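Each remark here refers to the structure printed beneath this line.
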Amino acid sequence: MKLSLAKSTFIAKILGVVFLALFFGAVVVSAQEVKLVYKIHVDGLSCPFCTYGIEKRFSKVKGMEGMDIELKTGAIVITMAAGTTLDEMTARKTVEAAGFTLRDFKQVQEGAKEKSGE
Amino acid sequence: MDPVSRSFVKRRSWAIGACFVLLLLFVSEESPGAPITFNTALPVAEDEFIFREQFVFDRSGDDPSGANRDREVFSALSVLGYGVTSDFALFGVLPYVDKSLEVTSMGERQSRDTNGLGDVTLFGRYTVFIDNIPGRTFRIAPFAGVELPTGEDDATDRFGRLPASIQAGSGSVDPFAGVVATYQALDFQLDTSVSYKANTRANNFEFGDVAQFDASIQYRLWPSALESGVPGFLYGVLEGNLIHQNKNQSNGNKDPNSGGTTLFFAPGLQYVTKRWIAEGGVQIPVVQDLNGTALEEDYIVRFGFRFNF
């Protein structure tokens with residue numbers, strides 16, 4: 001059955017809207033799924049008992065999801081929750097509130113994406 | 001102890017052991033930090049708490065007076081520290097003491113004892129100098145506080161009022177101040193502290209002021225090489241405590257049989273993790289230059305734990 005031009009145009013528009021919605025929805029979902037990871041180095045950190053102070057201070061940073069401390073090198077890897085970021089000023093103040101000194105700060109990679117629907 | 005070993009120890013007149021009891025309390029109440037027997041300048045993070053419990057057993061039975069005195073003091077010290085800021089920390093110490101003294105007097109063996117909560121100590125520590133480099137830190141922190149007369153100071157037994165030296169509390173408000181410095185690296189730590197406590201009068205009695213110099217070295221015995229993450233550390237510890245106390249005063253008169261200078265060496269072990277510490281050590285008096293026939297220390301055993309939250 002042949003469709004009229006008007007009906008064809010209407011259907012195409014509907015399909016276009018649906019396509020755009022799916023596209024941007026995917027982008028939004030993708031953005032929300034990305035977890036940013038940062039690596040910092042802390043000076044003055046030289047005993048296990050002292051590392052808890054840094055852990056406790058960073059636990060109060062909004063969006064902080066996890067951290068791994070490498071006492072040997074003073075390196076700390078911080079994983080932020082999807083949709084949140086960590087800036088160097090916040091990291092510096094947090095480290096200083098624990099009694100130590102921030103040596104360097106960088107974002108190392110985007111973390112693994114969460115599977116949608118999970 | 002043979003005569004040669006005793007040759008460096010001066011004999012003076014008699015004291016019931018007041019100076020040692022107070023020295024014990026002073027030393028133990030100043031020790032919520034990384035060393036076992038005194039304070040540290042290591043940080044308490046802002047809004048962090050540290051709880052410490054230390055059990056102390058003090059034995060003194062070497063009596064040159066001939067009265068065959070035998071003193072035992074057991075203390076349980078509860079310490080809570082709080083980081084107001086990363087530079088300023090507050091500490092409170094609540095002691096429980098159980099003291100007993102046996103002495104032979106006029107042919108009769110007398111036993112006197114008391115127990116209960118002792119004098120609470122409150123103090124603050126402020127870090128004035130910090131040098132942080134990779135894997136190391138050096139800090140200097142003065143501290144000051146006061147010992148409050150919360151313990152019972154008028155206990156009695158069948159012989160009458162107990163001597164001030166074996167009361168649970170002093171009855172007096174005693175301020176103190178000092179400064180501690182700490183250098184910590186991944187495989188060792190050095191701490192040193194000087195302090196002074198001004199004991200004041202209560203019940204017509206005043207204990208002598210106490211000046212103290214402490215030093216500690218801790219060396220990581222295990223692991224020999226650091227692994228990844230935050231492994232637990234086993235430290236070997238060696239501390240020294242040089243303590244001088246002035247003579248006590250009773251009714252305004254100095255007691256010539258009180259006060260003196262003692263040097264302790266204290267070996268110990270300490271296991272440190274991210275959340276808790278377990279430790280123990282023994283203070284051994286290697287030099288005792290006492291006034292009169294003061295009761296000499298045999299040893300002081302300390303063990304305890306700490307955790308943060």
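Just so we're on the same page: first chain in the structure tokens is A, next is B, and so on; residues restart at 1 for each chain, and ligands are numbered from 1 in the order they show up.
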
Select all residues from chain B having any atom no more than 7 Å from an atom of chain A (counting only C-alpha atoms, ignoring ligands), output as a compact mmCIF listing (two decimals) with all heavy atoms, in the first residue's frame.
```txt
# COMPACT_ATOMS: atom_id res chain seq x y z
N PRO B 43 50.79 13.68 63.44
CA PRO B 43 49.49 14.38 63.38
C PRO B 43 48.31 13.51 63.77
O PRO B 43 48.30 12.30 63.58
CB PRO B 43 49.39 14.79 61.91
CG PRO B 43 50.15 13.73 61.19
CD PRO B 43 51.31 13.39 62.09
N ALA B 45 44.63 13.74 62.40
CA ALA B 45 43.93 14.43 61.32
C ALA B 45 42.73 15.20 61.87
O ALA B 45 42.19 14.86 62.93
CB ALA B 45 43.47 13.44 60.26
N GLU B 46 42.33 16.23 61.16
CA GLU B 46 41.17 17.01 61.56
C GLU B 46 39.94 16.11 61.69
O GLU B 46 39.63 15.31 60.81
CB GLU B 46 40.91 18.10 60.53
CG GLU B 46 39.77 19.04 60.88
CD GLU B 46 39.61 20.14 59.84
OE1 GLU B 46 40.63 20.77 59.47
OE2 GLU B 46 38.48 20.37 59.38
N GLU B 48 39.59 13.59 63.51
CA GLU B 48 39.92 12.19 63.77
C GLU B 48 40.04 11.98 65.28
O GLU B 48 40.50 12.85 66.01
CB GLU B 48 41.24 11.81 63.10
CG GLU B 48 41.67 10.36 63.35
CD GLU B 48 43.06 10.04 62.79
OE1 GLU B 48 43.76 10.99 62.38
OE2 GLU B 48 43.44 8.86 62.78
N THR B 85 42.18 20.57 64.52
CA THR B 85 42.68 20.81 63.17
C THR B 85 43.85 19.87 62.99
O THR B 85 44.21 19.13 63.91
CB THR B 85 43.15 22.28 62.99
OG1 THR B 85 44.34 22.46 63.77
CG2 THR B 85 42.07 23.26 63.43
N SER B 86 44.45 19.89 61.82
CA SER B 86 45.59 18.99 61.60
C SER B 86 46.79 19.43 62.43
O SER B 86 47.71 18.65 62.65
CB SER B 86 45.96 18.97 60.12
OG SER B 86 46.32 20.27 59.68
N ASP B 87 46.81 20.68 62.90
CA ASP B 87 47.92 21.18 63.71
C ASP B 87 47.64 21.11 65.21
O ASP B 87 48.56 21.03 66.01
CB ASP B 87 48.23 22.65 63.36
CG ASP B 87 48.81 22.80 61.97
OD1 ASP B 87 49.50 21.87 61.51
OD2 ASP B 87 48.58 23.84 61.33
N ASN B 132 57.54 18.19 55.38
CA ASN B 132 57.10 16.93 54.74
C ASN B 132 57.84 16.75 53.42
O ASN B 132 57.82 17.64 52.57
CB ASN B 132 55.60 16.96 54.47
CG ASN B 132 54.79 16.82 55.73
OD1 ASN B 132 55.18 16.13 56.67
ND2 ASN B 132 53.62 17.44 55.76
N ILE B 133 58.49 15.60 53.26
CA ILE B 133 59.11 15.24 51.99
C ILE B 133 58.67 13.81 51.67
O ILE B 133 58.06 13.16 52.53
CB ILE B 133 60.65 15.35 52.05
CG1 ILE B 133 61.22 14.42 53.12
CG2 ILE B 133 61.07 16.78 52.28
CD1 ILE B 133 62.74 14.41 53.16
N PRO B 134 58.93 13.31 50.47
CA PRO B 134 58.47 11.97 50.15
C PRO B 134 58.97 10.93 51.14
O PRO B 134 60.17 10.77 51.34
CB PRO B 134 59.05 11.73 48.74
CG PRO B 134 59.14 13.10 48.16
CD PRO B 134 59.51 14.00 49.30
N GLY B 135 58.04 10.23 51.79
CA GLY B 135 58.38 9.15 52.70
C GLY B 135 58.94 9.57 54.04
O GLY B 135 59.37 8.72 54.83
N ARG B 136 58.95 10.90 54.34
CA ARG B 136 59.50 11.35 55.61
C ARG B 136 58.76 12.58 56.10
O ARG B 136 58.21 13.35 55.32
CB ARG B 136 60.99 11.71 55.47
CG ARG B 136 61.87 10.53 55.13
CD ARG B 136 63.29 10.97 54.78
NE ARG B 136 64.07 9.81 54.33
CZ ARG B 136 65.03 9.24 55.02
NH1 ARG B 136 65.37 9.72 56.21
NH2 ARG B 136 65.67 8.18 54.56
N THR B 137 58.84 12.77 57.43
CA THR B 137 58.27 13.98 58.01
C THR B 137 59.05 14.36 59.26
O THR B 137 59.55 13.48 59.98
CB THR B 137 56.78 13.79 58.37
OG1 THR B 137 56.23 15.02 58.83
CG2 THR B 137 56.58 12.71 59.44
N GLN B 184 60.17 11.04 61.29
CA GLN B 184 59.69 9.71 60.90
C GLN B 184 60.00 9.45 59.43
O GLN B 184 59.71 10.27 58.57
CB GLN B 184 58.19 9.59 61.13
CG GLN B 184 57.66 8.18 60.86
CD GLN B 184 56.14 8.12 60.96
OE1 GLN B 184 55.43 8.77 60.22
NE2 GLN B 184 55.66 7.32 61.90
N ALA B 185 60.59 8.29 59.17
CA ALA B 185 60.80 7.81 57.81
C ALA B 185 60.09 6.46 57.68
O ALA B 185 59.52 5.96 58.65
CB ALA B 185 62.29 7.65 57.53
N LEU B 186 60.15 5.87 56.51
CA LEU B 186 59.41 4.62 56.30
C LEU B 186 60.00 3.45 57.10
O LEU B 186 59.30 2.50 57.39
CB LEU B 186 59.39 4.27 54.81
CG LEU B 186 58.45 5.12 53.97
CD1 LEU B 186 58.70 4.90 52.48
CD2 LEU B 186 56.99 4.81 54.29
N LEU B 226 59.16 -3.04 51.75
CA LEU B 226 57.75 -2.70 51.73
C LEU B 226 57.03 -3.33 50.55
O LEU B 226 57.54 -3.32 49.42
CB LEU B 226 57.57 -1.18 51.68
CG LEU B 226 57.87 -0.44 52.98
CD1 LEU B 226 57.51 1.03 52.83
CD2 LEU B 226 57.12 -1.05 54.15
N SER B 228 53.16 -3.72 48.45
CA SER B 228 52.18 -2.75 47.96
C SER B 228 51.13 -2.49 49.02
O SER B 228 50.98 -3.26 49.98
CB SER B 228 51.54 -3.28 46.68
OG SER B 228 50.85 -4.49 46.96
N GLY B 229 50.40 -1.41 48.85
CA GLY B 229 49.31 -1.09 49.77
C GLY B 229 49.83 -0.52 51.08
O GLY B 229 50.84 0.20 51.10
N VAL B 230 49.14 -0.84 52.16
CA VAL B 230 49.51 -0.35 53.48
C VAL B 230 49.72 -1.57 54.38
O VAL B 230 48.80 -2.00 55.08
CB VAL B 230 48.42 0.58 54.06
CG1 VAL B 230 48.87 1.14 55.41
CG2 VAL B 230 48.11 1.71 53.09
N PRO B 231 50.94 -2.13 54.38
CA PRO B 231 51.18 -3.31 55.21
C PRO B 231 51.35 -2.94 56.67
O PRO B 231 51.64 -1.78 57.00
CB PRO B 231 52.49 -3.86 54.63
CG PRO B 231 53.19 -2.64 54.11
CD PRO B 231 52.12 -1.73 53.60
N GLY B 232 51.19 -3.89 57.56
CA GLY B 232 51.47 -3.65 58.97
C GLY B 232 52.98 -3.60 59.20
O GLY B 232 53.75 -4.25 58.50
N VAL B 272 52.09 -1.95 64.13
CA VAL B 272 51.30 -0.82 63.66
C VAL B 272 50.57 -1.18 62.38
O VAL B 272 51.19 -1.60 61.40
CB VAL B 272 52.20 0.41 63.41
CG1 VAL B 272 51.35 1.61 62.96
CG2 VAL B 272 52.99 0.76 64.66
N THR B 273 49.26 -1.01 62.36
CA THR B 273 48.47 -1.17 61.14
C THR B 273 47.77 0.15 60.83
O THR B 273 47.95 1.13 61.56
CB THR B 273 47.42 -2.28 61.28
OG1 THR B 273 46.36 -1.82 62.16
CG2 THR B 273 48.03 -3.55 61.86
N LYS B 274 46.95 0.15 59.81
CA LYS B 274 46.25 1.38 59.45
C LYS B 274 45.25 1.79 60.53
O LYS B 274 45.03 2.97 60.76
CB LYS B 274 45.52 1.20 58.11
CG LYS B 274 44.80 2.46 57.63
CD LYS B 274 44.32 2.35 56.20
CE LYS B 274 43.25 1.33 56.02
NZ LYS B 274 42.70 1.31 54.65
N ARG B 275 44.61 0.84 61.19
CA ARG B 275 43.55 1.15 62.13
C ARG B 275 43.90 0.92 63.60
O ARG B 275 43.21 1.46 64.48
CB ARG B 275 42.30 0.36 61.80
CG ARG B 275 41.70 0.63 60.42
CD ARG B 275 41.32 2.10 60.21
NE ARG B 275 40.48 2.62 61.26
CZ ARG B 275 39.16 2.52 61.28
NH1 ARG B 275 38.53 1.88 60.31
NH2 ARG B 275 38.46 3.05 62.27
N TRP B 276 44.92 0.12 63.90
CA TRP B 276 45.22 -0.16 65.29
C TRP B 276 46.70 -0.42 65.50
O TRP B 276 47.44 -0.69 64.58
CB TRP B 276 44.38 -1.34 65.82
CG TRP B 276 44.53 -2.61 65.04
CD1 TRP B 276 43.76 -3.03 64.00
CD2 TRP B 276 45.52 -3.62 65.23
NE1 TRP B 276 44.22 -4.23 63.53
CE2 TRP B 276 45.29 -4.63 64.26
CE3 TRP B 276 46.58 -3.79 66.13
CZ2 TRP B 276 46.07 -5.78 64.18
CZ3 TRP B 276 47.36 -4.93 66.05
CH2 TRP B 276 47.10 -5.91 65.07
```

Quiz item: Any idea what's packed within 10 Å of Gly63 of chain A, counting only C-alpha atoms, ignoring anything in its chain fewer than 5 positions away? Could you give it as a list in words?
Solution: Lys35, Phe58, Thr79, Met80, Ala81, Ala82, Gly83, Thr84, Thr85 and Leu86 of chain A

Quiz prompt | Point-to-point distance from atom CA of Pro149 of chain B to atom CA of Tyr299 of chain B, Å rounded to tenths | solution = 26.9 Å
